[in-house]
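Source file: start.csv (CSV, C-alpha atoms)
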```csv
chain,number,residue,atom,x,y,z
G,1,MET,CA,89.6,-33.0,-45.1
G,2,PRO,CA,90.2,-36.2,-47.2
G,3,LEU,CA,88.3,-35.0,-50.3
G,4,THR,CA,90.2,-31.7,-50.6
G,5,PRO,CA,92.9,-32.8,-53.0
G,6,TYR,CA,90.3,-34.6,-55.1
G,7,ALA,CA,88.3,-31.4,-55.4
G,8,LYS,CA,91.5,-29.5,-56.3
G,9,LYS,CA,92.0,-32.0,-59.1
G,10,VAL,CA,88.5,-31.3,-60.5
G,11,MET,CA,89.3,-27.6,-60.8
G,12,LYS,CA,92.7,-28.3,-62.5
G,13,ARG,CA,91.1,-30.7,-64.9
G,14,CYS,CA,88.3,-28.3,-65.9
G,15,GLU,CA,91.1,-25.9,-66.9
G,16,LYS,CA,92.9,-28.7,-68.8
G,17,LEU,CA,89.8,-29.7,-70.7
G,18,ALA,CA,89.1,-26.1,-71.7
G,19,GLN,CA,92.1,-26.4,-74.0
G,20,PHE,CA,90.3,-28.8,-76.3
G,21,SER,CA,88.7,-26.3,-78.5
G,22,GLN,CA,88.2,-25.9,-82.3
G,23,HIS,CA,88.7,-22.1,-81.9
G,24,PRO,CA,92.0,-20.6,-80.7
G,25,ASP,CA,90.3,-17.7,-78.8
G,26,TYR,CA,87.5,-19.4,-77.0
G,27,ILE,CA,86.0,-22.7,-75.9
G,28,ASP,CA,84.1,-24.4,-78.7
G,29,ARG,CA,83.9,-28.2,-78.7
G,30,ARG,CA,81.3,-29.9,-80.9
G,31,TYR,CA,80.0,-33.3,-81.6
G,32,LEU,CA,82.1,-35.7,-83.8
G,33,THR,CA,85.1,-33.3,-84.2
G,34,LYS,CA,88.7,-34.0,-83.4
G,35,GLU,CA,88.3,-31.9,-80.3
G,36,HIS,CA,85.5,-34.2,-79.2
G,37,LYS,CA,87.7,-37.3,-79.8
G,38,ASN,CA,90.7,-35.8,-78.0
G,39,ALA,CA,88.5,-34.8,-75.0
G,40,ASN,CA,87.2,-38.3,-74.8
G,41,LEU,CA,90.7,-39.7,-74.9
G,42,GLN,CA,91.8,-37.4,-72.1
G,43,VAL,CA,88.8,-38.2,-70.0
G,44,ALA,CA,89.3,-41.9,-70.6
G,45,LYS,CA,92.9,-41.6,-69.3
G,46,TRP,CA,91.6,-39.9,-66.1
G,47,MET,CA,89.0,-42.7,-65.7
G,48,GLN,CA,91.6,-45.4,-66.1
G,49,GLN,CA,93.8,-43.7,-63.5
G,50,ALA,CA,90.8,-43.9,-61.1
G,51,GLY,CA,90.7,-47.7,-61.6
G,52,MET,CA,87.8,-47.7,-64.1
G,53,ARG,CA,87.2,-49.9,-67.1
G,54,THR,CA,86.6,-47.6,-70.1
G,55,TRP,CA,85.0,-47.6,-73.5
G,56,GLN,CA,83.5,-45.3,-76.1
G,57,ASP,CA,80.0,-46.3,-77.2
G,58,GLU,CA,78.5,-46.3,-80.7
G,59,ALA,CA,77.2,-42.7,-80.3
G,60,GLY,CA,80.6,-41.3,-79.2
G,61,ASN,CA,79.8,-41.1,-75.5
G,62,GLN,CA,82.8,-41.8,-73.2
G,63,TRP,CA,82.2,-44.3,-70.3
G,64,GLY,CA,84.1,-45.5,-67.3
G,65,SER,CA,83.0,-48.1,-64.9
G,66,TYR,CA,84.1,-48.7,-61.3
G,67,ARG,CA,83.3,-52.3,-61.0
G,68,SER,CA,81.5,-54.0,-58.1
G,69,SER,CA,82.9,-57.3,-56.8
G,70,SER,CA,79.5,-58.8,-57.9
G,71,PRO,CA,79.6,-59.1,-61.7
G,72,ASN,CA,75.8,-59.3,-61.9
G,73,ALA,CA,75.3,-56.1,-59.9
G,74,LYS,CA,73.2,-53.2,-61.4
G,75,SER,CA,74.8,-49.9,-62.3
G,76,LEU,CA,74.3,-46.4,-60.8
G,77,ILE,CA,75.1,-43.9,-63.6
G,78,ILE,CA,76.5,-40.5,-62.9
G,79,GLY,CA,77.4,-38.1,-65.7
G,80,SER,CA,76.8,-35.0,-67.9
G,81,HIS,CA,78.2,-33.7,-71.2
G,82,LEU,CA,81.5,-32.6,-72.6
G,83,ASP,CA,80.3,-30.7,-75.7
G,84,THR,CA,79.9,-26.9,-75.5
G,85,VAL,CA,78.3,-24.0,-77.1
G,86,PRO,CA,80.6,-21.5,-79.0
G,87,ASP,CA,82.4,-19.2,-76.6
G,88,SER,CA,81.4,-21.2,-73.6
G,89,GLY,CA,82.5,-21.5,-70.0
G,90,LYS,CA,84.6,-24.3,-68.4
G,91,TYR,CA,82.0,-25.9,-66.2
G,92,ASP,CA,78.6,-26.4,-67.9
G,93,GLY,CA,78.4,-30.2,-68.3
G,94,ILE,CA,82.1,-30.7,-67.8
G,95,LEU,CA,82.0,-30.4,-64.0
G,96,GLY,CA,79.4,-33.1,-63.9
G,97,VAL,CA,81.8,-35.5,-65.6
G,98,LEU,CA,85.1,-34.6,-63.9
G,99,LEU,CA,83.7,-34.4,-60.4
G,100,PRO,CA,82.5,-38.0,-60.2
G,101,ILE,CA,85.7,-39.2,-61.8
G,102,SER,CA,87.7,-37.7,-58.9
G,103,LEU,CA,85.2,-39.2,-56.5
G,104,VAL,CA,85.8,-42.6,-58.0
G,105,GLN,CA,89.5,-41.9,-57.6
G,106,TYR,CA,88.9,-41.3,-53.9
G,107,PHE,CA,87.0,-44.6,-53.6
G,108,HIS,CA,89.8,-46.4,-55.5
G,109,ASP,CA,92.6,-44.8,-53.4
G,110,HIS,CA,90.8,-45.8,-50.2
G,111,LYS,CA,90.0,-49.3,-51.5
G,112,GLN,CA,86.3,-48.6,-51.0
G,113,SER,CA,84.2,-51.2,-52.8
G,114,LEU,CA,80.5,-50.8,-53.7
G,115,PRO,CA,77.7,-53.3,-54.1
G,116,PHE,CA,76.8,-51.9,-57.5
G,117,HIS,CA,78.8,-50.8,-60.6
G,118,LEU,CA,79.4,-47.0,-60.6
G,119,ASP,CA,79.4,-45.9,-64.2
G,120,ILE,CA,80.5,-42.4,-65.3
G,121,VAL,CA,79.3,-41.1,-68.7
G,122,ALA,CA,80.6,-38.2,-70.6
G,123,PHE,CA,77.7,-37.5,-73.1
G,124,ALA,CA,78.9,-36.5,-76.6
G,125,ASP,CA,76.2,-34.0,-77.7
G,126,GLU,CA,73.9,-32.3,-75.3
G,127,GLU,CA,74.0,-28.8,-76.7
G,128,GLY,CA,73.0,-29.6,-80.3
G,129,THR,CA,75.4,-26.9,-81.5
G,130,ARG,CA,76.7,-28.7,-84.6
G,131,PHE,CA,73.6,-30.5,-85.9
G,132,GLY,CA,70.8,-28.4,-84.3
G,133,THR,CA,69.2,-31.3,-82.4
G,134,THR,CA,69.9,-31.5,-78.6
G,135,LEU,CA,70.6,-34.6,-76.4
G,136,LEU,CA,71.9,-36.8,-79.2
G,137,GLY,CA,74.3,-38.7,-76.9
G,138,SER,CA,71.9,-39.3,-74.0
G,139,ARG,CA,69.0,-40.2,-76.3
G,140,ALA,CA,71.2,-43.0,-77.9
G,141,VAL,CA,71.9,-44.3,-74.4
G,142,ALA,CA,68.2,-44.1,-73.4
G,143,GLY,CA,67.3,-46.1,-76.6
G,144,THR,CA,65.3,-43.2,-78.1
G,145,TRP,CA,67.5,-42.5,-81.1
G,146,GLN,CA,65.6,-41.6,-84.2
G,147,GLU,CA,66.7,-42.8,-87.6
G,148,LYS,CA,66.0,-39.5,-89.3
G,149,TRP,CA,68.8,-37.9,-87.3
G,150,GLY,CA,71.3,-39.5,-89.7
G,151,CYS,CA,70.3,-36.9,-92.3
G,152,LEU,CA,70.9,-33.9,-90.0
G,153,ARG,CA,73.4,-31.5,-91.6
G,154,ASP,CA,75.8,-29.0,-90.0
G,155,SER,CA,76.8,-25.5,-91.3
G,156,ASP,CA,79.3,-27.1,-93.8
G,157,ASP,CA,76.5,-29.3,-95.2
G,158,ILE,CA,78.0,-32.5,-93.7
G,159,ASN,CA,75.4,-35.0,-92.6
G,160,LEU,CA,75.5,-36.7,-89.2
G,161,SER,CA,75.9,-40.1,-90.7
G,162,SER,CA,79.0,-39.0,-92.6
G,163,ALA,CA,80.4,-37.2,-89.6
G,164,MET,CA,80.1,-40.4,-87.6
G,165,ARG,CA,81.9,-42.4,-90.2
G,166,GLU,CA,84.7,-39.8,-90.3
G,167,PHE,CA,84.9,-40.0,-86.5
G,168,GLY,CA,85.2,-43.8,-86.6
G,169,LEU,CA,81.7,-44.7,-85.8
G,170,ASP,CA,79.0,-46.6,-87.7
G,171,ILE,CA,75.5,-45.1,-87.5
G,172,ASN,CA,74.0,-48.5,-88.4
G,173,LYS,CA,75.3,-49.7,-85.0
G,174,ILE,CA,74.1,-46.8,-82.9
G,175,HIS,CA,71.4,-48.8,-81.2
G,176,ALA,CA,74.1,-50.8,-79.4
G,177,ALA,CA,74.7,-47.6,-77.3
G,178,ALA,CA,71.4,-48.1,-75.5
G,179,ARG,CA,71.6,-49.3,-71.9
G,180,SER,CA,69.3,-51.9,-70.5
G,181,VAL,CA,66.5,-50.9,-68.1
G,182,ASP,CA,67.0,-54.1,-66.2
G,183,ASP,CA,70.6,-53.5,-65.1
G,184,THR,CA,70.3,-49.7,-64.4
G,185,MET,CA,69.5,-48.5,-60.8
G,186,GLY,CA,69.3,-44.8,-61.6
G,187,PHE,CA,71.0,-41.7,-62.9
G,188,LEU,CA,72.5,-38.7,-61.2
G,189,GLU,CA,73.5,-35.5,-63.1
G,190,ILE,CA,75.7,-32.9,-61.3
G,191,HIS,CA,75.5,-29.6,-63.1
G,192,ILE,CA,76.1,-25.9,-62.4
G,193,GLU,CA,72.7,-24.2,-61.7
G,194,GLN,CA,72.9,-21.7,-64.6
G,195,GLY,CA,70.8,-19.4,-62.5
G,196,PRO,CA,71.0,-17.1,-59.5
G,197,VAL,CA,68.8,-18.9,-57.0
G,198,LEU,CA,71.4,-20.8,-55.0
G,199,GLU,CA,73.6,-17.7,-54.8
G,200,SER,CA,70.7,-15.6,-53.6
G,201,ARG,CA,70.1,-18.1,-50.8
G,202,GLY,CA,73.8,-18.5,-49.9
G,203,LEU,CA,73.8,-22.3,-50.6
G,204,PRO,CA,76.5,-24.3,-52.4
G,205,VAL,CA,74.2,-26.9,-53.8
G,206,GLY,CA,70.5,-27.7,-54.4
G,207,VAL,CA,68.4,-30.7,-55.2
G,208,VAL,CA,66.5,-30.4,-58.5
G,209,ASP,CA,62.9,-31.5,-58.4
G,210,GLY,CA,62.2,-31.2,-62.1
G,211,ILE,CA,63.3,-29.9,-65.5
G,212,ALA,CA,60.9,-27.6,-67.3
G,213,GLY,CA,59.3,-28.8,-70.5
G,214,ALA,CA,59.8,-26.4,-73.5
G,215,LYS,CA,58.0,-25.7,-76.7
G,216,ARG,CA,59.5,-23.5,-79.3
G,217,PHE,CA,58.0,-21.8,-82.4
G,218,GLU,CA,59.0,-19.8,-85.4
G,219,ILE,CA,56.4,-17.1,-86.1
G,220,SER,CA,56.4,-15.3,-89.4
G,221,VAL,CA,54.5,-12.1,-89.7
G,222,VAL,CA,53.8,-10.7,-93.2
G,223,GLY,CA,52.5,-7.3,-94.0
G,224,HIS,CA,53.3,-4.8,-96.8
G,225,ALA,CA,56.5,-2.9,-97.1
G,226,GLY,CA,56.2,0.8,-97.9
G,227,HIS,CA,58.0,4.1,-97.8
G,228,ALA,CA,58.3,5.6,-94.3
G,229,GLY,CA,57.3,9.1,-95.6
G,230,THR,CA,54.5,8.3,-98.0
G,231,VAL,CA,52.1,5.8,-96.4
G,232,PRO,CA,49.7,7.2,-93.9
G,233,MET,CA,49.6,5.6,-90.4
G,234,GLU,CA,46.0,4.4,-90.8
G,235,LEU,CA,46.8,2.6,-94.1
G,236,ARG,CA,49.9,0.7,-92.9
G,237,GLN,CA,50.3,-3.0,-92.6
G,238,ASP,CA,53.5,-2.9,-90.6
G,239,ALA,CA,54.8,-6.3,-89.8
G,240,LEU,CA,57.3,-5.0,-87.2
G,241,ALA,CA,54.8,-2.9,-85.3
G,242,GLY,CA,52.4,-6.0,-85.3
G,243,SER,CA,55.3,-8.2,-84.1
G,244,ALA,CA,56.1,-5.8,-81.3
G,245,GLN,CA,52.5,-5.8,-80.1
G,246,MET,CA,52.6,-9.7,-80.2
G,247,ILE,CA,55.8,-9.8,-78.2
G,248,VAL,CA,54.5,-7.5,-75.4
G,249,MET,CA,51.4,-9.7,-75.3
G,250,ILE,CA,53.6,-12.8,-74.9
G,251,GLU,CA,55.3,-11.3,-71.9
G,252,LYS,CA,51.9,-10.4,-70.3
G,253,ALA,CA,50.5,-13.9,-70.9
G,254,ALA,CA,53.5,-15.6,-69.4
G,255,LYS,CA,53.2,-13.6,-66.2
G,256,GLU,CA,49.5,-14.3,-65.9
G,257,HIS,CA,49.9,-18.1,-66.4
G,258,GLY,CA,53.0,-18.4,-64.2
G,259,VAL,CA,55.3,-19.7,-67.0
G,260,VAL,CA,58.4,-18.3,-68.7
G,261,ALA,CA,58.2,-17.2,-72.3
G,262,THR,CA,61.1,-15.7,-74.3
G,263,VAL,CA,61.4,-14.1,-77.8
G,264,GLY,CA,65.1,-14.5,-78.3
G,265,GLN,CA,65.4,-13.9,-82.1
G,266,ILE,CA,63.9,-11.3,-84.4
G,267,HIS,CA,64.7,-11.0,-88.1
G,268,SER,CA,63.5,-8.0,-90.1
G,269,SER,CA,63.3,-8.2,-93.8
G,270,SER,CA,64.1,-4.6,-94.7
G,271,ASN,CA,66.0,-3.4,-91.6
G,272,ALA,CA,66.2,0.1,-93.1
G,273,VAL,CA,65.5,3.3,-91.4
G,274,ASN,CA,63.1,4.6,-94.0
G,275,VAL,CA,61.1,1.5,-94.8
G,276,ILE,CA,57.9,0.1,-93.3
G,277,ASN,CA,58.6,-3.5,-92.6
G,278,GLY,CA,56.8,-6.1,-94.6
G,279,ASN,CA,58.1,-9.3,-93.1
G,280,VAL,CA,59.3,-10.2,-89.7
G,281,VAL,CA,60.2,-13.7,-88.3
G,282,PHE,CA,60.7,-14.1,-84.5
G,283,SER,CA,61.2,-17.1,-82.2
G,284,LEU,CA,59.1,-18.1,-79.2
G,285,ASP,CA,60.2,-20.3,-76.3
G,286,VAL,CA,57.7,-21.2,-73.6
G,287,ARG,CA,58.7,-23.3,-70.5
G,288,SER,CA,57.1,-24.7,-67.4
G,289,LEU,CA,57.3,-27.7,-65.0
G,290,ASP,CA,53.6,-28.0,-65.6
G,291,ASN,CA,52.9,-29.1,-69.2
G,292,GLN,CA,49.2,-28.2,-69.0
G,293,LYS,CA,49.9,-24.7,-67.6
G,294,ARG,CA,52.5,-24.2,-70.4
G,295,ASP,CA,50.1,-25.4,-73.1
G,296,ARG,CA,47.2,-23.2,-71.8
G,297,CYS,CA,49.5,-20.2,-72.0
G,298,ILE,CA,50.6,-21.2,-75.6
G,299,ASP,CA,46.9,-21.5,-76.7
G,300,GLU,CA,46.2,-18.0,-75.4
G,301,ILE,CA,49.3,-16.6,-77.1
G,302,MET,CA,48.4,-18.3,-80.5
G,303,ASN,CA,44.8,-16.9,-80.3
G,304,ALA,CA,46.1,-13.4,-79.5
G,305,ILE,CA,48.7,-13.5,-82.4
G,306,GLU,CA,45.9,-14.4,-84.8
G,307,HIS,CA,43.7,-11.6,-83.4
G,308,ILE,CA,46.5,-9.0,-83.6
G,309,ALA,CA,47.3,-10.1,-87.1
G,310,GLY,CA,43.7,-10.0,-88.2
G,311,TYR,CA,42.9,-6.4,-87.2
G,312,ARG,CA,46.2,-5.1,-88.4
G,313,GLY,CA,45.8,-6.7,-91.9
G,314,LEU,CA,48.7,-9.0,-91.4
G,315,ASP,CA,49.3,-12.7,-92.1
G,316,ALA,CA,50.9,-14.8,-89.3
G,317,LYS,CA,52.2,-18.3,-89.8
G,318,ILE,CA,53.3,-20.4,-86.8
G,319,ARG,CA,55.6,-23.4,-87.0
G,320,MET,CA,56.6,-25.5,-84.0
G,321,THR,CA,60.4,-26.2,-83.9
G,322,HIS,CA,60.8,-28.0,-80.6
G,323,ASP,CA,58.6,-30.0,-78.2
G,324,ALA,CA,59.8,-31.5,-74.9
G,325,ASP,CA,57.6,-32.3,-71.9
G,326,ALA,CA,58.7,-31.6,-68.4
G,327,THR,CA,60.7,-34.2,-66.5
G,328,HIS,CA,60.1,-34.8,-62.8
G,329,CYS,CA,63.0,-36.1,-60.8
G,330,ASP,CA,62.5,-39.4,-58.9
G,331,LYS,CA,61.2,-38.8,-55.3
G,332,MET,CA,63.3,-41.5,-53.7
G,333,LEU,CA,66.5,-40.2,-55.3
G,334,MET,CA,65.6,-36.7,-54.3
G,335,ASP,CA,65.1,-37.8,-50.7
G,336,GLU,CA,68.4,-39.5,-50.7
G,337,LEU,CA,70.1,-36.4,-52.0
G,338,ARG,CA,68.4,-34.3,-49.3
G,339,ILE,CA,69.7,-36.7,-46.7
G,340,ALA,CA,73.2,-36.5,-48.3
G,341,CYS,CA,73.0,-32.7,-48.0
G,342,GLU,CA,72.1,-32.9,-44.3
G,343,ASN,CA,74.9,-35.5,-43.7
G,344,SER,CA,77.3,-33.0,-45.3
G,345,GLY,CA,76.2,-30.1,-43.1
G,346,ILE,CA,74.3,-28.3,-45.9
G,347,GLU,CA,70.7,-27.1,-45.7
G,348,PRO,CA,68.6,-29.2,-48.1
G,349,PHE,CA,66.9,-27.0,-50.7
G,350,ASN,CA,64.8,-28.0,-53.7
G,351,LEU,CA,64.7,-25.9,-56.9
G,352,SER,CA,63.7,-26.5,-60.5
G,353,SER,CA,65.7,-26.3,-63.7
G,354,GLY,CA,64.5,-24.1,-66.5
G,355,ALA,CA,67.2,-25.3,-68.8
G,356,GLY,CA,67.3,-28.7,-70.5
G,357,HIS,CA,69.7,-31.4,-69.5
G,358,ASP,CA,70.7,-35.0,-70.4
G,359,ALA,CA,68.7,-36.2,-67.4
G,360,MET,CA,65.6,-35.4,-69.5
G,361,ALA,CA,66.5,-38.1,-72.1
G,362,ILE,CA,67.8,-40.6,-69.5
G,363,ALA,CA,64.4,-40.4,-67.7
G,364,ASP,CA,63.1,-42.7,-70.5
G,365,LEU,CA,65.6,-45.3,-69.2
G,366,CYS,CA,65.6,-45.1,-65.4
G,367,PRO,CA,64.8,-42.9,-62.4
G,368,VAL,CA,66.8,-39.6,-62.5
G,369,ALA,CA,68.1,-37.0,-60.1
G,370,MET,CA,70.1,-33.8,-60.4
G,371,LEU,CA,72.3,-31.9,-58.0
G,372,PHE,CA,72.9,-28.2,-58.9
G,373,VAL,CA,76.1,-26.5,-57.9
G,374,ARG,CA,76.1,-22.7,-57.3
G,375,CYS,CA,77.7,-20.6,-60.1
G,376,ALA,CA,78.7,-17.0,-59.9
G,377,LYS,CA,75.8,-14.6,-60.7
G,378,GLY,CA,74.0,-17.5,-62.4
G,379,ILE,CA,76.1,-16.9,-65.6
G,380,SER,CA,76.4,-19.9,-68.0
G,381,HIS,CA,77.2,-20.5,-71.6
G,382,HIS,CA,79.7,-17.6,-71.3
G,383,PRO,CA,83.5,-17.3,-70.6
G,384,SER,CA,82.8,-15.7,-67.3
G,385,GLU,CA,81.0,-18.8,-66.0
G,386,ALA,CA,82.6,-19.6,-62.6
G,387,VAL,CA,82.3,-21.9,-59.6
G,388,THR,CA,84.4,-21.9,-56.4
G,389,PHE,CA,86.6,-24.7,-55.1
G,390,GLU,CA,84.6,-24.7,-51.9
G,391,ASP,CA,81.3,-25.3,-53.7
G,392,VAL,CA,82.9,-28.1,-55.8
G,393,LEU,CA,84.2,-29.7,-52.5
G,394,ASN,CA,80.7,-29.4,-51.0
G,395,ALA,CA,79.2,-31.0,-54.1
G,396,MET,CA,81.7,-33.9,-53.8
G,397,LEU,CA,80.8,-34.4,-50.1
G,398,VAL,CA,77.1,-34.6,-51.0
G,399,ALA,CA,77.8,-37.0,-53.9
G,400,ARG,CA,79.9,-39.2,-51.7
G,401,SER,CA,77.3,-39.3,-49.0
G,402,PHE,CA,74.6,-40.1,-51.7
G,403,ILE,CA,76.6,-43.0,-53.1
G,404,GLU,CA,77.4,-44.4,-49.7
G,405,LEU,CA,73.7,-44.2,-48.7
G,406,LYS,CA,72.8,-46.1,-51.9
G,407,ALA,CA,75.4,-48.7,-51.0
G,408,ARG,CA,74.1,-49.2,-47.5
G,409,THR,CA,70.5,-49.5,-48.9
G,410,CYS,CA,71.7,-52.1,-51.5
G,411,GLU,CA,73.6,-54.1,-48.8
G,412,HIS,CA,70.5,-54.2,-46.6
G,413,GLU,CA,68.4,-55.4,-49.5
G,414,LEU,CA,70.9,-58.2,-50.3
G,415,VAL,CA,70.9,-59.3,-46.6
G,416,ALA,CA,67.1,-59.3,-46.6
```
Kindly present the structure from the file in structure tokens form.
Amino acid sequence: MPLTPYAKKVMKRCEKLAQFSQHPDYIDRRYLTKEHKNANLQVAKWMQQAGMRTWQDEAGNQWGSYRSSSPNAKSLIIGSHLDTVPDSGKYDGILGVLLPISLVQYFHDHKQSLPFHLDIVAFADEEGTRFGTTLLGSRAVAGTWQEKWGCLRDSDDINLSSAMREFGLDINKIHAAARSVDDTMGFLEIHIEQGPVLESRGLPVGVVDGIAGAKRFEISVVGHAGHAGTVPMELRQDALAGSAQMIVMIEKAAKEHGVVATVGQIHSSSNAVNVINGNVVFSLDVRSLDNQKRDRCIDEIMNAIEHIAGYRGLDAKIRMTHDADATHCDKMLMDELRIACENSGIEPFNLSSGAGHDAMAIADLCPVAMLFVRCAKGISHHPSEAVTFEDVLNAMLVARSFIELKARTCEHELVA
């Protein structure tokens, strides 16, 4: 099969890029570090080998463009991110950059021209690991960069503006990273699923219909600390017991409303075996493809937290820390991906993404689509993250069919 050596190259390059890490024992590649710069340089080299014109934009995103013979043609953008969480896997984001580069290499080797520019982007900061705010690279491209982000600080108290300067970028020029709505056809992100649905259905890839919107909160519960042996049960104002009741209620409300809700962090002030807890802080993450359904669940949760705090004699303070609405993928692009699956001998299957992706930010620029690739046991953000060569090959077949379908559509429109 002609694409086989190109899929093998993707797997080898994922291994190669895993070596660009700021930690010697595991993969950790963050925004505006020397590892970020070196990864960009390596990816640019691979892009150039594939016959692409390359550049790094003002936000630190790495680009390559396979140029159409028509200089005024619009661009179809394909890409994902190169940054990682600490102790990550080799494929989250990275696969969505290296796979289309190898596909462009295939077009280049076979002297296959396109009626549009095919631009590949390696976004610089999707995870938000260093500065605590996600999608910085793709938001710059979408033209939704916020000036206040220049003041964000990392764990070493370095602000983003200074980090950009050290990297060789000028934050005052960051708006030049924004792409134009007028010359952009659409965006496709290829990404590992990060869940077990495709594996459970025995499918190599799936077409994403939308990305769940998420709201996050920090909930602080204050009671009164006391000695575990001297304060009667009926006189206690136990912040930990109250928090536990709230967390069980959150799970119940999420099930009733058909959303997902997670308490992922709990901090106890005393954390001692013989102390009644006086102060607990826990996180809350609520997600759904339906913003209204999500918000109705959140309203119920907030009312219940106040009720539980009231009758237990506790004080509950709630602070929102993140707010992102759901993103729905473009119907036409989804239909074309489904046809591409059929053309590749794969059953078309739609599924949703509960995790955030760069496509959420790019949806403010142009229509977006996503293709999920099966990953072993749905594991992601972990060293055991894994994909098979066969699934990568199938994803390449679908992506090639999708691009060729777009090309035929464009050619027909030009003739008309």
- May I have the protein, DNA and RNA residues with any atom at most 8 Å from the point (79.4, -22.8, -54.1), counting all atoms listed in the file, written as a count of residues only? 14
- Query: With only C-alpha atoms as the basis for distance, which of G:Lys148, G:Gly51, G:Tyr31, G:Ser180 is at the shortest distance from G:His110?
  - Reply: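 Checking each of G:Lys148, G:Gly51, G:Tyr31, G:Ser180 against G:His110, counting only C-alpha atoms, the winner is G:Gly51.
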- Neighbours of point (92.4, -39.8, -72.8) within 12 Å, using only C-alpha atoms, written as a list in words: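 Collected hits near the coordinates: Lys16, Leu17, Phe20, Glu35, His36, Lys37, Asn38, Ala39, Asn40, Leu41, Gln42, Val43, Ala44, Lys45, Trp46, Met47, Gln48, Gln49, Thr54, Trp55, Gln56, Gln62, Trp63 and Gly64 of chain G.
The interatomic distance for the pair atom CA of G:Ser65 and atom CA of G:Leu98 works out to 13.7 Å.
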Contact residues around G:Ile77 with all atoms listed in the file at 8 Å, ignoring same-chain residues under 6 positions, as a JSON list (two decimals) with C-alpha atoms, keeping the file's coordinate frame:
```
[["chain", "number", "residue", "atom", "x", "y", "z"],
["G", 118, "LEU", "CA", 79.40, -47.00, -60.60],
["G", 119, "ASP", "CA", 79.40, -45.90, -64.20],
["G", 120, "ILE", "CA", 80.50, -42.40, -65.30],
["G", 121, "VAL", "CA", 79.30, -41.10, -68.70],
["G", 184, "THR", "CA", 70.30, -49.70, -64.40],
["G", 185, "MET", "CA", 69.50, -48.50, -60.80],
["G", 186, "GLY", "CA", 69.30, -44.80, -61.60],
["G", 187, "PHE", "CA", 71.00, -41.70, -62.90],
["G", 188, "LEU", "CA", 72.50, -38.70, -61.20]]
```
Padding 3 Å on every side, please: axis-aligned box over the listed atoms of stretch 319-328 of chain G, centre and edge lengths to one decimal in Å, as JSON.
```
{"center_x": 58.2, "center_y": -29.1, "center_z": -74.9, "size_x": 11.2, "size_y": 17.4, "size_z": 30.2}
```
- Query: Looking at only C-alpha atoms, which of G:Ala225, G:Glu193, G:Glu126, G:Ser138 is the one that sits closest to G:Asn274?
  - Reply: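 Looking only at the distances to G:Asn274, the closest residue turns out to be G:Ala225.
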- Contacts of stretch 361-365 of chain G within 6 Å, all atoms listed in the file, excl. fewer than 5 positions in-chain, as a PyMOL selection string: chain G and resi 138-139+142+181
With a cut-off of 12 Å, could you pull out the residues of stretch 180-221 of chain G touching stretch 228-252 of chain G and give me the nearest pair of atoms for each, distance in Å to one decimal, using all atoms listed in the file, ordered by chain and ascending number, as a tab-separated table?
```
residue	atom	partner	partner_atom	distance
G:Ile219	CA	G:Ser243	CA	9.2
G:Ser220	CA	G:Ser243	CA	8.9
G:Val221	CA	G:Ala239	CA	5.8
```
- Message: My list of candidates is G:Val368, G:Ile78, G:Ala254, G:Met396. Which is closest to G:Ser102 when distances are computed with only C-alpha atoms?
- Response: G:Met396
- Nearest-residue call for G:Val104, choices G:Val10, G:Ile301, G:Ile318, G:Ala177, using only C-alpha atoms: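 Of G:Val10, G:Ile301, G:Ile318, G:Ala177, the one nearest G:Val104 is G:Val10, counting only C-alpha atoms.
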- With all atoms listed in the file as the atoms that count, which of G:Lys8, G:His381, G:Lys293, G:Lys406 lies nearest to G:Thr84?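 Counting all atoms listed in the file, the residue closest to G:Thr84 is G:His381.
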- Note on the structure: Between atom CA of G:Phe217 and atom CA of G:Ile305 lies a distance of 12.5 Å
- Item | Nearest to G:Val275 by atom-to-atom distance, counting only C-alpha atoms, from G:His224, G:Gly60, G:Arg30, G:Lys331 |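 Among the listed residues, G:His224 lies closest to G:Val275.
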- atom CA of G:Asp209 and atom CA of G:Met332, how far apart in Å?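 Pair atom CA of G:Met332 / atom CA of G:Asp209 returns 11.1 Å.
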